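Visitor: Next up is a structure, given as structure tokens.
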Amino acid sequence: FDLRPFVRRDSTFSLLTTLFVCLALCVASLLLSSDVNRLVLYPVEKMVAKVDTIRSNPLMAMKMADDQFKEEEIKKDRESRHENSTLQMFIGMLPFRARESSADELMETVILEKTIIKLGSLLALGFGEAGA
């Protein structure tokens, strides 16, 4: 009753299972951290930078609001051109097409950014040059 070959094979499979689990956990952690960075960390850093800019010069809030308005108008124009193309009309008819969602517009961080800019521009309007 020599069980050494069976134990050796069993230990090899256990080692391979452990390595697979470690690899799967590493890949999952990398994917999760990239999503967290994209969805939470970078927008919060942008908000902090905007607050610092408004704190140092409240009149910059007006320029930031104008720039944001221009970007939104350009984005709307591009989307309207993109939707009107003939190819997009045919792709829109396909039942298996991927749904495009405007995730930026629904994110709370984007709403907070816009609120910060609006509050800064209201401060600049209210206090004017004396506030700056």
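Following the order of the structure tokens, first chain is A, next is B, and so on, with residues numbered from 1 inside each chain and ligands from 1 in the order they appear.
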For Leu59 in chain A, find every residue with an atom within 12 Å (counting only C-alpha atoms), except residues of its own chain fewer than 4 positions away, and show them as a VMD selection string.
Guide: chain A and resid 53 to 55 63 to 66 117 to 132
Visitor: Kindly save the residues from that selection, with N, CA, C and O atoms included, as a PDB file, in the first residue's frame.
Guide:
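In the end it all went to selection.pdb:
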ATOM      1  N   THR A  53      -9.049  76.059  -6.924  1.00  0.00           N
ATOM      2  CA  THR A  53      -8.989  77.153  -7.901  1.00  0.00           C
ATOM      3  C   THR A  53      -9.952  78.268  -7.516  1.00  0.00           C
ATOM      4  O   THR A  53      -9.594  79.455  -7.552  1.00  0.00           O
ATOM      5  N   ILE A  54     -11.162  77.897  -7.130  1.00  0.00           N
ATOM      6  CA  ILE A  54     -12.152  78.905  -6.743  1.00  0.00           C
ATOM      7  C   ILE A  54     -11.726  79.594  -5.450  1.00  0.00           C
ATOM      8  O   ILE A  54     -11.930  80.800  -5.284  1.00  0.00           O
ATOM      9  N   ARG A  55     -11.118  78.846  -4.547  1.00  0.00           N
ATOM     10  CA  ARG A  55     -10.659  79.440  -3.290  1.00  0.00           C
ATOM     11  C   ARG A  55      -9.563  80.473  -3.540  1.00  0.00           C
ATOM     12  O   ARG A  55      -9.547  81.546  -2.941  1.00  0.00           O
ATOM     13  N   LYS A  63     -15.247  81.801 -15.353  1.00  0.00           N
ATOM     14  CA  LYS A  63     -14.584  81.248 -16.539  1.00  0.00           C
ATOM     15  C   LYS A  63     -14.803  79.739 -16.605  1.00  0.00           C
ATOM     16  O   LYS A  63     -15.055  79.189 -17.680  1.00  0.00           O
ATOM     17  N   MET A  64     -14.739  79.065 -15.450  1.00  0.00           N
ATOM     18  CA  MET A  64     -14.956  77.623 -15.420  1.00  0.00           C
ATOM     19  C   MET A  64     -16.381  77.284 -15.848  1.00  0.00           C
ATOM     20  O   MET A  64     -16.612  76.304 -16.568  1.00  0.00           O
ATOM     21  N   ALA A  65     -17.361  78.085 -15.410  1.00  0.00           N
ATOM     22  CA  ALA A  65     -18.748  77.848 -15.806  1.00  0.00           C
ATOM     23  C   ALA A  65     -18.921  78.042 -17.301  1.00  0.00           C
ATOM     24  O   ALA A  65     -19.624  77.259 -17.963  1.00  0.00           O
ATOM     25  N   ASP A  66     -18.288  79.065 -17.861  1.00  0.00           N
ATOM     26  CA  ASP A  66     -18.368  79.292 -19.310  1.00  0.00           C
ATOM     27  C   ASP A  66     -17.732  78.146 -20.086  1.00  0.00           C
ATOM     28  O   ASP A  66     -18.285  77.678 -21.088  1.00  0.00           O
ATOM     29  N   ILE A 117     -19.139  74.605  -9.158  1.00  0.00           N
ATOM     30  CA  ILE A 117     -18.885  75.690 -10.112  1.00  0.00           C
ATOM     31  C   ILE A 117     -19.981  76.751 -10.017  1.00  0.00           C
ATOM     32  O   ILE A 117     -19.709  77.956 -10.030  1.00  0.00           O
ATOM     33  N   LYS A 118     -21.237  76.313  -9.897  1.00  0.00           N
ATOM     34  CA  LYS A 118     -22.337  77.272  -9.801  1.00  0.00           C
ATOM     35  C   LYS A 118     -22.246  78.092  -8.519  1.00  0.00           C
ATOM     36  O   LYS A 118     -22.467  79.306  -8.537  1.00  0.00           O
ATOM     37  N   LEU A 119     -21.895  77.432  -7.412  1.00  0.00           N
ATOM     38  CA  LEU A 119     -21.741  78.173  -6.158  1.00  0.00           C
ATOM     39  C   LEU A 119     -20.596  79.179  -6.264  1.00  0.00           C
ATOM     40  O   LEU A 119     -20.704  80.306  -5.778  1.00  0.00           O
ATOM     41  N   GLY A 120     -19.502  78.777  -6.889  1.00  0.00           N
ATOM     42  CA  GLY A 120     -18.382  79.694  -7.071  1.00  0.00           C
ATOM     43  C   GLY A 120     -18.742  80.873  -7.946  1.00  0.00           C
ATOM     44  O   GLY A 120     -18.357  82.017  -7.659  1.00  0.00           O
ATOM     45  N   SER A 121     -19.514  80.613  -9.015  1.00  0.00           N
ATOM     46  CA  SER A 121     -19.901  81.736  -9.876  1.00  0.00           C
ATOM     47  C   SER A 121     -20.896  82.637  -9.164  1.00  0.00           C
ATOM     48  O   SER A 121     -20.864  83.859  -9.348  1.00  0.00           O
ATOM     49  N   LEU A 122     -21.763  82.080  -8.311  1.00  0.00           N
ATOM     50  CA  LEU A 122     -22.664  82.929  -7.521  1.00  0.00           C
ATOM     51  C   LEU A 122     -21.882  83.773  -6.529  1.00  0.00           C
ATOM     52  O   LEU A 122     -22.218  84.952  -6.309  1.00  0.00           O
ATOM     53  N   LEU A 123     -20.850  83.198  -5.926  1.00  0.00           N
ATOM     54  CA  LEU A 123     -19.999  83.982  -5.034  1.00  0.00           C
ATOM     55  C   LEU A 123     -19.310  85.112  -5.796  1.00  0.00           C
ATOM     56  O   LEU A 123     -19.220  86.236  -5.307  1.00  0.00           O
ATOM     57  N   ALA A 124     -18.823  84.794  -6.991  1.00  0.00           N
ATOM     58  CA  ALA A 124     -18.157  85.825  -7.786  1.00  0.00           C
ATOM     59  C   ALA A 124     -19.123  86.913  -8.188  1.00  0.00           C
ATOM     60  O   ALA A 124     -18.767  88.106  -8.183  1.00  0.00           O
ATOM     61  N   LEU A 125     -20.350  86.542  -8.509  1.00  0.00           N
ATOM     62  CA  LEU A 125     -21.356  87.542  -8.869  1.00  0.00           C
ATOM     63  C   LEU A 125     -21.743  88.374  -7.662  1.00  0.00           C
ATOM     64  O   LEU A 125     -21.906  89.591  -7.755  1.00  0.00           O
ATOM     65  N   GLY A 126     -21.908  87.728  -6.508  1.00  0.00           N
ATOM     66  CA  GLY A 126     -22.346  88.428  -5.317  1.00  0.00           C
ATOM     67  C   GLY A 126     -21.311  89.385  -4.761  1.00  0.00           C
ATOM     68  O   GLY A 126     -21.620  90.523  -4.394  1.00  0.00           O
ATOM     69  N   PHE A 127     -20.086  88.928  -4.700  1.00  0.00           N
ATOM     70  CA  PHE A 127     -19.025  89.757  -4.110  1.00  0.00           C
ATOM     71  C   PHE A 127     -18.269  90.571  -5.135  1.00  0.00           C
ATOM     72  O   PHE A 127     -17.671  91.578  -4.819  1.00  0.00           O
ATOM     73  N   GLY A 128     -18.252  90.114  -6.379  1.00  0.00           N
ATOM     74  CA  GLY A 128     -17.554  90.846  -7.446  1.00  0.00           C
ATOM     75  C   GLY A 128     -16.063  90.934  -7.183  1.00  0.00           C
ATOM     76  O   GLY A 128     -15.443  90.004  -6.661  1.00  0.00           O
ATOM     77  N   GLU A 129     -15.479  92.038  -7.539  1.00  0.00           N
ATOM     78  CA  GLU A 129     -14.048  92.244  -7.353  1.00  0.00           C
ATOM     79  C   GLU A 129     -13.693  92.336  -5.878  1.00  0.00           C
ATOM     80  O   GLU A 129     -12.586  91.991  -5.474  1.00  0.00           O
ATOM     81  N   ALA A 130     -14.615  92.781  -5.038  1.00  0.00           N
ATOM     82  CA  ALA A 130     -14.314  92.911  -3.611  1.00  0.00           C
ATOM     83  C   ALA A 130     -14.124  91.540  -2.976  1.00  0.00           C
ATOM     84  O   ALA A 130     -13.336  91.380  -2.046  1.00  0.00           O
ATOM     85  N   GLY A 131     -14.846  90.541  -3.477  1.00  0.00           N
ATOM     86  CA  GLY A 131     -14.710  89.189  -2.930  1.00  0.00           C
ATOM     87  C   GLY A 131     -13.444  88.499  -3.368  1.00  0.00           C
ATOM     88  O   GLY A 131     -12.958  87.580  -2.739  1.00  0.00           O
ATOM     89  N   ALA A 132     -12.919  88.909  -4.508  1.00  0.00           N
ATOM     90  CA  ALA A 132     -11.717  88.276  -5.034  1.00  0.00           C
ATOM     91  C   ALA A 132     -10.533  88.954  -4.408  1.00  0.00           C
ATOM     92  O   ALA A 132      -9.565  88.521  -4.036  1.00  0.00           O
TER      93      ALA A 132
END
Visitor: Figure out the distance between CA of Lys75 in chain A and CA of Arg38 in chain A, please, to one decimal in Å.
Guide: 20.2 Å
Visitor: With distances taken over only C-alpha atoms, which residue among A:Arg4, A:Lys46, A:Lys114, A:Arg9 lies nearest Phe69 in chain A?
Guide: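 Once distances to Phe69 in chain A are computed over only C-alpha atoms, the minimum belongs to A:Lys114.
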